[in-house]
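Novice: What follows is model_2.cif; its format and atoms are mmCIF, C-alpha atoms.
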data_protein
loop_
_atom_site.label_atom_id
_atom_site.label_comp_id
_atom_site.auth_asym_id
_atom_site.auth_seq_id
_atom_site.Cartn_x
_atom_site.Cartn_y
_atom_site.Cartn_z
CA MET A 1 -8.39 -88.13 57.27
CA GLY A 2 -6.21 -86.74 54.46
CA CYS A 3 -7.21 -86.35 50.87
CA GLY A 4 -6.00 -89.84 49.93
CA GLY A 5 -7.98 -91.38 52.77
CA ASN A 6 -11.17 -89.60 51.67
CA MET A 7 -10.79 -90.85 48.12
CA VAL A 8 -10.38 -94.47 49.23
CA GLY A 9 -13.30 -94.12 51.60
CA VAL A 10 -15.61 -92.89 48.82
CA ILE A 11 -14.55 -95.58 46.36
CA GLY A 12 -14.77 -98.29 49.03
CA ALA A 13 -18.31 -97.22 49.94
CA GLY A 14 -19.39 -97.29 46.31
CA THR A 15 -17.82 -100.72 45.79
CA LEU A 16 -19.43 -102.09 48.91
CA PHE A 17 -22.81 -100.81 47.74
CA ALA A 18 -22.38 -102.31 44.29
CA LEU A 19 -21.31 -105.68 45.60
CA SER A 20 -24.11 -105.78 48.12
CA THR A 21 -26.68 -105.24 45.36
CA ILE A 22 -25.27 -107.94 43.09
CA ALA A 23 -24.65 -110.84 45.46
CA SER A 24 -27.51 -112.91 46.84
CA THR A 25 -27.43 -111.92 50.51
CA SER A 26 -29.37 -111.73 53.75
CA ALA A 27 -29.27 -108.73 56.09
CA GLU A 28 -27.96 -108.94 59.62
CA VAL A 29 -27.59 -106.23 62.27
CA LEU A 30 -24.08 -106.23 63.77
CA ASP A 31 -22.76 -105.09 67.09
CA GLY A 32 -20.61 -102.02 67.45
CA GLY A 33 -22.22 -98.93 65.98
CA GLY A 34 -25.51 -100.40 64.80
CA LEU A 35 -24.30 -100.66 61.19
CA ARG A 36 -26.36 -102.80 58.87
CA ARG A 37 -24.09 -104.90 56.70
CA LYS A 38 -24.67 -107.64 54.17
CA ARG A 39 -23.41 -111.18 54.50
CA LEU A 40 -23.71 -114.28 52.40
CA ALA A 41 -26.17 -116.97 53.40
CA ASP A 42 -23.27 -119.34 53.96
CA SER A 43 -20.58 -117.31 55.68
CA SER A 44 -17.97 -119.72 57.00
CA PRO A 45 -14.50 -118.29 57.79
CA VAL A 46 -12.24 -118.05 54.79
CA GLN A 47 -8.45 -118.02 54.82
CA ALA A 48 -6.85 -114.86 53.41
CA VAL A 49 -4.99 -116.27 50.44
CA GLU A 50 -4.04 -114.90 47.07
CA PRO A 51 -6.55 -115.36 44.26
CA PRO A 52 -6.06 -118.52 42.23
CA ALA A 53 -4.38 -118.33 38.86
CA THR A 54 -7.63 -119.20 37.17
CA SER A 55 -9.63 -116.31 38.68
CA ARG A 56 -9.98 -114.62 35.27
CA GLN A 57 -12.08 -117.59 34.20
CA LEU A 58 -14.44 -117.30 37.17
CA SER A 59 -18.00 -116.34 36.39
CA LYS A 60 -19.15 -112.91 37.51
CA SER A 61 -21.38 -114.28 40.27
CA ALA A 62 -18.57 -116.55 41.51
CA MET A 63 -16.13 -113.63 41.56
CA ASP A 64 -18.66 -111.45 43.43
CA GLU A 65 -19.18 -114.21 46.00
CA GLU A 66 -15.47 -114.75 46.47
CA LEU A 67 -14.71 -111.04 46.92
CA ALA A 68 -17.60 -110.59 49.33
CA SER A 69 -16.54 -113.56 51.44
CA ARG A 70 -12.91 -112.45 51.54
CA PHE A 71 -13.35 -108.76 52.29
CA PHE A 72 -16.81 -108.22 53.85
CA LEU A 73 -17.37 -111.00 56.39
CA PRO A 74 -19.17 -109.75 59.51
CA ALA A 75 -17.52 -109.62 62.92
CA SER A 76 -19.39 -112.68 64.28
CA THR A 77 -17.50 -115.04 61.98
CA GLY A 78 -14.15 -113.35 62.08
CA ARG A 79 -11.43 -113.91 59.58
CA GLN A 80 -8.22 -115.88 60.39
CA THR A 81 -4.82 -115.70 58.83
CA SER A 82 -1.97 -118.26 59.20
CA ARG A 83 1.64 -117.30 60.00
CA THR A 84 4.69 -119.55 60.49
CA ASP A 85 7.50 -118.31 62.78
CA GLU A 86 11.25 -119.01 62.56
CA ARG A 87 10.89 -122.35 64.33
CA GLY A 88 8.29 -123.53 61.81
CA VAL A 89 5.38 -123.24 64.25
CA GLU A 90 2.14 -122.21 62.54
CA THR A 91 -0.16 -119.80 64.41
CA LYS A 92 -3.62 -118.50 63.49
CA GLU A 93 -4.67 -114.89 64.18
CA GLU A 94 -8.13 -113.33 64.16
CA GLN A 95 -8.25 -110.25 61.89
CA ASP A 96 -10.42 -107.27 62.68
CA PRO A 97 -13.24 -107.48 60.14
CA LEU A 98 -13.49 -103.66 59.96
CA GLU A 99 -9.89 -103.32 58.80
CA ILE A 100 -10.54 -103.81 55.11
CA ASP A 101 -7.54 -103.65 52.80
CA MET A 102 -9.07 -101.23 50.29
CA ARG A 103 -6.02 -101.16 48.04
CA THR A 104 -6.07 -104.93 47.67
CA LEU A 105 -9.83 -104.83 47.18
CA MET A 106 -9.54 -102.31 44.36
CA GLU A 107 -6.78 -104.31 42.73
CA HIS A 108 -9.06 -107.34 42.73
CA MET A 109 -11.99 -105.30 41.48
CA ASN A 110 -9.89 -104.10 38.54
CA PHE A 111 -8.35 -107.50 37.94
CA ASP A 112 -10.57 -108.09 34.92
CA THR A 113 -11.43 -104.94 32.91
CA SER A 114 -14.44 -106.66 31.41
CA MET A 115 -16.12 -106.64 34.81
CA SER A 116 -18.62 -103.80 35.17
CA ILE A 117 -20.90 -102.75 37.99
CA MET A 118 -24.01 -100.68 37.14
CA THR A 119 -24.89 -97.95 39.58
CA PRO A 120 -28.56 -97.60 40.47
CA GLN A 121 -28.60 -93.94 39.35
CA PRO A 122 -26.48 -91.60 37.17
CA THR A 123 -23.26 -90.22 38.56
CA PRO A 124 -24.15 -86.94 40.35
CA PHE A 125 -20.91 -85.23 39.38
CA PRO A 126 -20.52 -83.49 35.97
CA THR A 127 -17.74 -84.22 33.52
CA GLU A 128 -14.53 -82.49 34.53
CA ARG A 129 -14.26 -80.61 31.23
CA PRO A 130 -17.23 -79.80 28.94
CA THR A 131 -17.32 -81.00 25.35
CA LEU A 132 -15.87 -78.37 23.04
CA LYS A 133 -18.46 -78.89 20.31
CA PRO A 134 -21.73 -80.79 20.13
CA THR A 135 -21.94 -84.19 18.52
CA GLU A 136 -22.83 -83.89 14.88
CA ILE A 137 -26.21 -85.36 14.06
CA SER A 138 -26.92 -86.32 10.50
CA ASN A 139 -29.99 -84.87 8.78
CA ALA A 140 -30.50 -82.34 11.58
CA PRO A 141 -31.64 -78.83 10.47
CA SER A 142 -29.27 -75.94 11.10
CA PHE A 143 -30.32 -72.58 12.49
CA SER A 144 -28.65 -69.18 12.43
CA ALA A 145 -29.20 -66.58 15.14
CA ALA A 146 -28.65 -63.76 12.64
CA PRO A 147 -28.85 -64.06 8.85
CA THR A 148 -25.74 -63.43 6.81
CA VAL A 149 -25.23 -62.31 3.24
CA THR A 150 -24.53 -65.89 2.15
CA ASP A 151 -27.96 -66.92 3.43
CA CYS A 152 -29.62 -64.91 0.69
CA GLU A 153 -29.49 -67.89 -1.65
CA ASN A 154 -31.65 -69.91 0.73
CA PRO A 155 -35.45 -70.00 0.43
CA GLY A 156 -37.19 -67.94 3.10
CA THR A 157 -34.14 -65.82 3.89
CA CYS A 158 -35.59 -62.72 2.18
CA GLU A 159 -38.68 -62.65 4.38
CA ASN A 160 -36.72 -63.41 7.55
CA ARG A 161 -34.25 -60.60 6.91
CA LEU A 162 -37.00 -58.12 6.04
CA ARG A 163 -38.87 -58.99 9.22
CA ASP A 164 -35.73 -58.39 11.22
CA GLN A 165 -35.16 -55.02 9.52
CA ILE A 166 -38.76 -53.97 10.12
CA PHE A 167 -38.47 -54.93 13.77
CA GLN A 168 -35.29 -52.87 14.17
CA VAL A 169 -37.03 -49.88 12.58
CA SER A 170 -39.97 -50.29 14.95
CA VAL A 171 -37.62 -50.36 17.94
CA ARG A 172 -36.06 -47.05 16.86
CA VAL A 173 -39.36 -45.21 16.44
CA GLY A 174 -41.32 -46.96 19.19
CA THR A 175 -43.94 -48.91 17.21
CA VAL A 176 -43.07 -52.52 18.09
CA ASP A 177 -46.51 -53.13 19.64
CA ALA A 178 -48.22 -52.00 16.42
CA LEU A 179 -46.71 -54.98 14.60
CA ASP A 180 -48.96 -57.26 16.67
CA ASP A 181 -52.09 -55.53 15.37
CA PRO A 182 -52.93 -56.94 11.92
CA THR A 183 -54.97 -53.83 11.05
CA SER A 184 -52.28 -51.28 11.92
CA PRO A 185 -50.50 -49.32 9.18
CA GLN A 186 -47.25 -50.97 10.30
CA SER A 187 -48.63 -54.51 9.85
CA LEU A 188 -50.20 -53.65 6.49
CA ALA A 189 -46.96 -52.13 5.24
CA SER A 190 -44.99 -55.11 6.56
CA GLU A 191 -47.25 -57.59 4.77
CA TRP A 192 -46.96 -55.60 1.56
CA ILE A 193 -43.18 -55.33 1.53
CA LEU A 194 -42.74 -59.03 2.38
CA GLU A 195 -44.62 -59.87 -0.81
CA GLU A 196 -41.87 -58.17 -2.77
CA CYS A 197 -39.61 -61.12 -2.01
CA ASP A 198 -41.53 -62.90 -4.78
CA SER A 199 -41.52 -60.00 -7.24
CA ASP A 200 -39.44 -59.88 -10.41
CA PRO A 201 -36.83 -58.77 -9.66
CA PRO A 202 -37.20 -59.48 -5.93
CA ILE A 203 -36.35 -56.96 -3.25
CA ASP A 204 -32.76 -57.17 -2.03
CA PRO A 205 -32.59 -57.68 1.76
CA CYS A 206 -28.87 -58.39 1.93
CA THR A 207 -26.81 -55.61 0.38
CA GLU A 208 -25.90 -53.08 3.06
CA THR A 209 -26.75 -50.00 1.00
CA GLN A 210 -30.05 -51.54 -0.07
CA ILE A 211 -31.07 -52.20 3.52
CA ILE A 212 -31.24 -48.43 4.17
CA LEU A 213 -33.43 -47.97 1.10
CA ASN A 214 -35.67 -50.85 2.18
CA GLU A 215 -36.27 -49.07 5.48
CA GLN A 216 -37.31 -45.91 3.66
CA ARG A 217 -39.57 -47.92 1.33
CA TYR A 218 -41.23 -49.44 4.39
CA ALA A 219 -41.64 -46.01 6.05
CA LEU A 220 -43.33 -44.58 2.95
CA ALA A 221 -45.68 -47.56 2.86
CA VAL A 222 -46.61 -46.99 6.52
CA MET A 223 -47.36 -43.34 5.72
CA TYR A 224 -49.61 -44.41 2.85
CA PHE A 225 -51.71 -46.66 5.10
CA SER A 226 -51.66 -44.25 8.06
CA LEU A 227 -52.80 -41.21 6.03
CA GLY A 228 -55.56 -42.85 3.99
CA GLY A 229 -53.56 -43.25 0.81
CA ASP A 230 -56.38 -44.90 -1.15
CA ASN A 231 -58.30 -41.60 -0.99
CA TRP A 232 -55.47 -39.27 -1.94
CA ASN A 233 -55.91 -36.81 -4.77
CA TYR A 234 -52.44 -37.67 -6.02
CA GLY A 235 -50.47 -40.89 -5.72
CA ALA A 236 -53.29 -43.27 -4.75
CA ILE A 237 -53.10 -46.87 -5.94
CA GLY A 238 -54.74 -47.07 -9.35
CA SER A 239 -54.45 -43.34 -10.02
CA GLY A 240 -52.05 -43.89 -12.89
CA GLU A 241 -48.68 -42.21 -13.26
CA GLY A 242 -46.78 -41.76 -10.03
CA GLU A 243 -48.97 -44.01 -7.87
CA TRP A 244 -47.53 -45.14 -4.57
CA MET A 245 -46.99 -48.76 -3.57
CA SER A 246 -46.03 -49.80 -7.10
CA PRO A 247 -43.21 -52.31 -7.69
CA LEU A 248 -41.16 -49.48 -9.14
CA ASN A 249 -38.38 -47.70 -7.31
CA TYR A 250 -40.12 -45.55 -4.71
CA CYS A 251 -38.30 -42.51 -6.08
CA GLU A 252 -40.75 -42.81 -8.98
CA TRP A 253 -43.74 -42.71 -6.67
CA GLY A 254 -45.76 -39.50 -6.75
CA PRO A 255 -46.55 -37.51 -9.88
CA THR A 256 -45.47 -34.06 -10.98
CA ILE A 257 -48.31 -31.79 -9.91
CA GLN A 258 -49.29 -28.66 -11.81
CA THR A 259 -50.38 -25.59 -9.84
CA GLN A 260 -53.03 -23.04 -10.79
CA ASP A 261 -50.46 -20.33 -11.36
CA GLY A 262 -48.69 -22.44 -13.99
CA GLY A 263 -46.00 -23.80 -11.74
CA SER A 264 -45.37 -27.37 -10.67
CA TYR A 265 -43.82 -29.42 -7.90
CA GLU A 266 -42.82 -33.02 -7.29
CA MET A 267 -44.75 -35.00 -4.73
CA LEU A 268 -41.66 -37.05 -3.81
CA GLU A 269 -38.02 -36.35 -4.54
CA CYS A 270 -34.89 -38.40 -3.91
CA ASP A 271 -31.18 -37.71 -4.09
CA GLU A 272 -28.84 -39.57 -6.42
CA PHE A 273 -28.46 -42.40 -3.90
CA GLY A 274 -32.18 -43.05 -3.53
CA ASN A 275 -32.69 -41.28 -0.20
CA VAL A 276 -35.98 -39.38 0.21
CA LEU A 277 -35.30 -35.64 0.32
CA ASN A 278 -38.66 -33.91 -0.08
CA LEU A 279 -42.32 -34.80 0.46
CA ASN A 280 -44.86 -32.24 -0.77
CA MET A 281 -48.37 -33.53 -0.17
CA GLN A 282 -50.28 -30.30 0.16
CA SER A 283 -54.05 -30.34 -0.52
CA ASN A 284 -54.02 -34.11 -1.02
CA ASN A 285 -57.09 -35.19 0.99
CA MET A 286 -54.96 -36.89 3.62
CA GLU A 287 -56.71 -38.12 6.78
CA GLY A 288 -55.07 -39.73 9.78
CA THR A 289 -51.91 -39.34 11.79
CA ILE A 290 -48.34 -38.80 10.72
CA PRO A 291 -46.76 -42.12 11.72
CA PRO A 292 -43.59 -42.31 13.80
CA GLU A 293 -41.91 -44.02 10.83
CA ILE A 294 -41.38 -40.56 9.34
CA GLY A 295 -38.29 -40.57 11.56
CA VAL A 296 -36.80 -43.27 9.32
CA LEU A 297 -36.47 -40.70 6.52
CA VAL A 298 -33.31 -39.30 8.05
CA TYR A 299 -32.27 -37.49 4.84
CA LEU A 300 -35.53 -35.55 4.55
CA THR A 301 -35.16 -31.79 4.19
CA SER A 302 -38.80 -30.85 3.59
CA TYR A 303 -42.19 -32.15 4.72
CA ILE A 304 -45.14 -30.09 3.44
CA SER A 305 -48.70 -31.25 4.03
CA PHE A 306 -50.84 -28.15 4.62
CA PHE A 307 -54.57 -28.05 3.74
CA ASN A 308 -55.32 -31.64 4.73
CA ALA A 309 -57.15 -33.40 7.57
CA GLN A 310 -54.22 -34.82 9.50
CA THR A 311 -54.90 -35.49 13.17
CA GLY A 312 -52.96 -36.38 16.29
CA PRO A 313 -49.61 -35.06 17.49
CA ILE A 314 -46.36 -34.51 15.67
CA PRO A 315 -44.39 -37.72 16.33
CA THR A 316 -41.33 -37.26 18.50
CA SER A 317 -39.33 -39.21 15.92
CA LEU A 318 -39.34 -36.04 13.82
CA GLY A 319 -36.38 -35.06 16.00
CA LEU A 320 -34.33 -37.80 14.32
CA ILE A 321 -34.39 -35.94 10.99
CA LEU A 322 -31.47 -33.60 11.61
CA PRO A 323 -31.28 -32.16 8.03
CA LEU A 324 -34.93 -31.02 8.18
CA GLN A 325 -35.32 -27.45 6.95
CA THR A 326 -39.06 -27.07 6.31
CA PHE A 327 -41.93 -28.52 8.31
CA ASP A 328 -45.32 -27.21 7.23
CA VAL A 329 -48.55 -28.71 8.58
CA GLU A 330 -50.78 -25.62 8.52
CA SER A 331 -54.57 -26.00 8.26
CA ASN A 332 -55.01 -29.51 9.65
CA ASN A 333 -56.64 -30.90 12.80
CA MET A 334 -53.48 -31.81 14.65
CA ASP A 335 -53.00 -31.42 18.39
CA GLY A 336 -50.56 -32.11 21.21
CA GLU A 337 -47.42 -30.26 22.23
CA LEU A 338 -45.96 -28.16 19.43
CA PHE A 339 -42.42 -27.55 20.68
CA LYS A 340 -41.39 -30.94 22.05
CA PRO A 341 -37.96 -31.34 23.67
CA GLU A 342 -37.06 -33.89 20.97
CA PHE A 343 -37.23 -31.09 18.38
CA HIS A 344 -34.64 -28.84 20.01
CA GLY A 345 -31.83 -30.42 18.02
CA LEU A 346 -33.34 -29.55 14.62
CA GLN A 347 -30.86 -26.76 14.09
CA GLU A 348 -31.27 -26.69 10.30
CA ILE A 349 -34.89 -25.56 10.56
CA VAL A 350 -35.69 -22.54 8.40
CA ASN A 351 -39.49 -22.77 8.14
CA PHE A 352 -41.66 -24.13 10.97
CA ARG A 353 -45.32 -23.58 10.14
CA ALA A 354 -48.16 -25.00 12.20
CA SER A 355 -50.95 -22.38 12.14
CA LEU A 356 -54.64 -23.34 12.25
CA ASN A 357 -54.38 -26.51 14.32
CA ASN A 358 -55.02 -27.38 17.96
CA PHE A 359 -51.47 -27.41 19.29
CA ARG A 360 -50.77 -26.47 22.89
CA GLY A 361 -47.81 -25.56 25.06
CA THR A 362 -45.34 -22.73 25.42
CA ILE A 363 -42.37 -21.48 23.43
CA PRO A 364 -39.28 -22.95 25.10
CA THR A 365 -36.03 -21.07 25.58
CA GLU A 366 -34.34 -23.74 23.42
CA ILE A 367 -35.92 -22.14 20.38
CA GLY A 368 -32.83 -19.96 20.44
CA GLN A 369 -30.95 -22.99 19.07
CA TRP A 370 -32.85 -22.64 15.79
CA THR A 371 -30.49 -19.97 14.62
CA LYS A 372 -31.43 -20.44 10.95
CA LEU A 373 -35.15 -19.95 11.58
CA GLN A 374 -36.90 -17.47 9.29
CA ASN A 375 -40.58 -18.38 9.51
CA LEU A 376 -42.27 -19.35 12.75
CA TRP A 377 -46.02 -19.61 12.20
CA PHE A 378 -48.42 -20.95 14.80
CA ALA A 379 -51.52 -18.74 14.53
CA GLN A 380 -54.81 -19.97 15.95
CA ASN A 381 -53.48 -22.65 18.22
CA PHE A 382 -53.40 -22.76 22.02
CA ILE A 383 -49.83 -21.62 22.59
CA THR A 384 -49.54 -19.60 25.80
CA GLY A 385 -46.90 -17.76 27.78
CA THR A 386 -44.27 -15.28 26.63
CA LEU A 387 -41.71 -15.12 23.88
CA PRO A 388 -38.37 -16.07 25.47
CA THR A 389 -35.53 -13.63 25.00
CA GLU A 390 -33.49 -16.46 23.44
CA ILE A 391 -35.53 -15.98 20.28
CA GLY A 392 -33.16 -13.09 19.67
CA ASN A 393 -30.65 -15.70 18.45
CA CYS A 394 -32.88 -16.15 15.39
CA VAL A 395 -31.23 -13.25 13.61
CA ASP A 396 -33.00 -13.81 10.29
CA MET A 397 -36.51 -13.17 11.63
CA GLY A 398 -36.72 -9.33 11.96
CA GLU A 399 -38.10 -6.99 14.65
CA CYS A 400 -40.68 -8.03 17.22
CA VAL A 401 -43.77 -5.84 17.45
CA PRO A 402 -46.09 -7.40 20.06
CA PRO A 403 -49.82 -6.62 20.26
CA SER A 404 -51.28 -4.26 22.84
CA GLY A 405 -51.15 -5.68 26.35
CA TYR A 406 -48.83 -8.55 25.37
CA ASN A 407 -45.72 -9.24 27.44
CA ARG A 408 -42.93 -7.43 25.63
CA ALA A 409 -40.24 -9.82 26.85
CA ALA A 410 -38.71 -10.05 23.38
CA SER A 411 -39.07 -6.42 22.36
CA HIS A 412 -35.44 -5.68 23.19
CA SER A 413 -34.23 -8.22 20.61
CA HIS A 414 -32.93 -5.56 18.25
CA ALA A 415 -31.44 -8.22 15.95
CA LEU A 416 -34.95 -9.25 14.90
CA ARG A 417 -36.18 -7.51 11.77
CA LYS A 418 -39.52 -7.60 9.99
CA LEU A 419 -40.95 -9.85 12.71
CA GLN A 420 -44.64 -9.13 13.20
CA ILE A 421 -47.16 -10.46 15.65
CA ASN A 422 -50.58 -10.93 14.09
CA CYS A 423 -53.37 -9.79 16.38
CA PHE A 424 -56.44 -11.44 14.88
CA SER A 425 -58.42 -14.02 16.88
CA LEU A 426 -56.21 -13.68 19.93
CA THR A 427 -56.90 -13.94 23.63
CA ASP A 428 -54.48 -12.68 26.29
CA PHE A 429 -51.51 -14.94 25.64
CA MET A 430 -52.46 -16.70 22.44
CA ILE A 431 -50.14 -15.37 19.82
CA THR A 432 -49.14 -15.78 16.22
CA VAL A 433 -45.61 -15.13 15.04
CA TYR A 434 -44.76 -15.08 11.36
CA SER A 435 -42.17 -13.55 9.13
CA SER A 436 -43.02 -11.06 6.41
CA LYS A 437 -39.85 -11.80 4.47
#
Could you spell out this file's structure in structure tokens?

Specialist:
Amino acid sequence: MGCGGNMVGVIGAGTLFALSTIASTSAEVLDGGGLRRKRLADSSPVQAVEPPATSRQLSKSAMDEELASRFFLPASTGRQTSRTDERGVETKEEQDPLEIDMRTLMEHMNFDTSMSIMTPQPTPFPTERPTLKPTEISNAPSFSAAPTVTDCENPGTCENRLRDQIFQVSVRVGTVDALDDPTSPQSLASEWILEECDSDPPIDPCTETQIILNEQRYALAVMYFSLGGDNWNYGAIGSGEGEWMSPLNYCEWGPTIQTQDGGSYEMLECDEFGNVLNLNMQSNNMEGTIPPEIGVLVYLTSYISFFNAQTGPIPTSLGLILPLQTFDVESNNMDGELFKPEFHGLQEIVNFRASLNNFRGTIPTEIGQWTKLQNLWFAQNFITGTLPTEIGNCVDMGECVPPSGYNRAASHSHALRKLQINCFSLTDFMITVYSSK
């Protein structure tokens, strides 16, 4: 059957079903195919005539009964039509009850638009075209997948935006899981910085330039909690001038520290834009691990924290700080791999000092990429192997003079000057390299 025939067949079946459920009927099994059809209790033959002019005024049940009797009588009763020939002789013909005039049926079904037939279940086919926008519901709350600058006037937006920024920071440095631990330095720092939404003036979570500074403020707070800030010699909360975690601009954290020889240094220094440039926390009674959030301080040029009790490895996120020139963690209790692959790109390094720790590993050939290196100190660690010849690219380090019995793989690097290898407390391939410049 063609497309048109299929359409009529589907509509006819639905109409038959609807009519059979509305009319008061009794079931009867018919011959020819075993089909079960419905018939009215009183099913006398009905002449096929046009509907009366007053059919619009028929009740719904009367209309259903009339339609059913005219179009769905079973074969046992038959349905007769009258026809008069040219001589005026009237003849009656039996009509095949299965030959239902569907077009006429549909016309009668649509005769009165007020007539409706309820289907026993929802239509299984979706709407041909989806609604372009949802129906507006009054008094319904609105939600935003990502906050915008205009949201900053709304209550709660500050905390939501700060949480999102902290999460993004944690993704970058790999500490997302730590946010689920309420005792972690990350959670403590997060709780602290969220309270600044209620400070006077409140923290600004919306301005693009301020977002970068908020990330650095958060990173410094994580360092405070991770390195036992309450016990620091300088910068601890309640220590007076230069204490960390104050509501002040973090560039004012950390005091000016006087040295025994009459000199001084700043514990924390920023550039004119508020980016952290230098951290000098030497001899500051720091205990704990350097957190991965140090990698958020992407403008840092110097990190000095020798003579402390830092533990654990150097975080791989240190490799994100491309301007880094000085990294000095001598005389701590740190361990792990010293020359991680993530550090190979730190091509601005001038001073890399890690003596008197528990670092392990070998000196990679990629150290030749540190062409600005002047001081390479890693005495009394567990570094093994040989000096790669690529260290000859470090032209500012001087001449290599290895100890007796040590592999002289780098001795031909004539560009090295004043490079000495310290021989104290050494075993076969445990070495110390430092510059005497």

Novice: One number please: atom CA of A:Ser283 to atom CA of A:Leu346, in Å, one decimal.

Specialist: 25.7 Å

Novice: Name the residues that the PyMOL selection byres ((chain A and resi 270-272) around 10) pulls out of this structure, and write them as number ranges by chain.

Specialist: A: 250-252, 268-269, 273-279, 299-300

Novice: Rounded to one decimal in Å, what is the spacing between atom CA of A:Tyr234 and atom CA of A:Phe327?

Specialist: 20.0 Å

Novice: So how far away is atom CA of A:Thr326 from atom CA of A:Thr301, in Å?

Specialist: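 Value for the atom CA of A:Thr301-atom CA of A:Thr326 distance: 6.5 Å.
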
Novice: Measuring between only C-alpha atoms, which one of A:Gln258, A:Ser239, A:Ser226, A:Thr365 shows the shortest distance to A:Thr311?

Specialist: A:Ser226

Novice: May I have the residues within 7 Å of A:Glu293 as a PyMOL selection string, using only C-alpha atoms and disregarding those fewer than 3 positions away in the same chain?

Specialist: chain A and resi 173+219+296

Novice: Which residues of stretch 231-342 of chain A sit at most 12 Å from stretch 197-204 of chain A, using all atoms listed in the file? Give each one's shortest atom pair and distance in Å (one decimal place), in chain and ascending residue order, as CSV.

Specialist:
residue,atom,partner,partner_atom,distance
A:Ser246,CA,A:Ser199,CA,11.2
A:Pro247,CA,A:Ser199,CA,7.9
A:Leu248,CA,A:Pro201,CA,10.3
A:Asn249,CA,A:Ile203,CA,10.3

Novice: A:Glu241: which residues within 10 Å, counting only C-alpha atoms, same-chain residues fewer than 5 positions away excluded, as a list of chain:residue names?

Specialist: A:Tyr234, A:Gly235, A:Ala236, A:Glu252, A:Trp253, A:Gly254, A:Pro255, A:Thr256

Novice: Kindly provide, as number ranges by chain, the polymer residues lying within 12 Å of (-37.3, -19.6, 10.6), counting only C-alpha atoms and using the coordinates exactly as they appear in the file.

Specialist: A: 324-328, 346-353, 367-378, 391-398, 416, 419, 433-437

Novice: Quick one: which residues end up in the PyMOL selection byres ((chain A and resi 215) around 10) for this structure, as number ranges by chain?

Specialist: A: 162, 165-166, 168-169, 210-214, 216-221, 293, 296-297

Novice: Put those residues in a file: C-alpha atoms, as a CSV table (one decimal), in the coordinates of the input.

Specialist:
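Final output, saved to selection_24.csv:
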chain,number,residue,atom,x,y,z
A,162,LEU,CA,-37.0,-58.1,6.0
A,165,GLN,CA,-35.2,-55.0,9.5
A,166,ILE,CA,-38.8,-54.0,10.1
A,168,GLN,CA,-35.3,-52.9,14.2
A,169,VAL,CA,-37.0,-49.9,12.6
A,210,GLN,CA,-30.0,-51.5,-0.1
A,211,ILE,CA,-31.1,-52.2,3.5
A,212,ILE,CA,-31.2,-48.4,4.2
A,213,LEU,CA,-33.4,-48.0,1.1
A,214,ASN,CA,-35.7,-50.8,2.2
A,216,GLN,CA,-37.3,-45.9,3.7
A,217,ARG,CA,-39.6,-47.9,1.3
A,218,TYR,CA,-41.2,-49.4,4.4
A,219,ALA,CA,-41.6,-46.0,6.0
A,220,LEU,CA,-43.3,-44.6,3.0
A,221,ALA,CA,-45.7,-47.6,2.9
A,293,GLU,CA,-41.9,-44.0,10.8
A,296,VAL,CA,-36.8,-43.3,9.3
A,297,LEU,CA,-36.5,-40.7,6.5

Novice: Which centre and which edge lengths, in Å to one decimal, describe the axis-aligned box that holds all listed atoms of stretch 152-166 of chain A after 5 Å is added on each side, as JSON?

Specialist:
{"center_x": -34.2, "center_y": -62.0, "center_z": 4.8, "size_x": 19.4, "size_y": 26.0, "size_z": 22.9}

Novice: Taking into account only C-alpha atoms, which residue in the set A:Ile290, A:Val171, A:Leu194, A:Val176 is nearest to A:Tyr224?

Specialist: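 Of the candidates, the smallest distance to A:Tyr224 is held by A:Ile290.
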
Novice: Which residues fall under the PyMOL selection byres ((chain A and resi 341) around 12) in this file, as a PyMOL selection string?

Specialist: chain A and resi 315-320+337-340+342-346+361-367+369

Novice: Within 6 Å of A:Val222, counting only C-alpha atoms, which residues show up once you throw out same-chain ones fewer than 6 positions away? Write them as a compact mmCIF listing (two decimals) with C-alpha atoms, in the coordinates of the input, please.

Specialist:
# COMPACT_ATOMS: atom_id res chain seq x y z
CA PRO A 185 -50.50 -49.32 9.18
CA GLN A 186 -47.25 -50.97 10.30
CA ALA A 189 -46.96 -52.13 5.24

Novice: Calculated over all atoms listed in the file, which of the candidates A:Pro323, A:Pro182, A:Gln260, A:Glu195 has the smallest distance to A:Gly156?

Specialist: A:Glu195

Novice: Select, from A:Leu322, A:Met334, A:Ala379, A:Ile304, the residue with the minimum atom-to-atom distance to A:Ser355, counting only C-alpha atoms.

Specialist: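 Ranked by minimum distance to A:Ser355, first place goes to A:Ala379.
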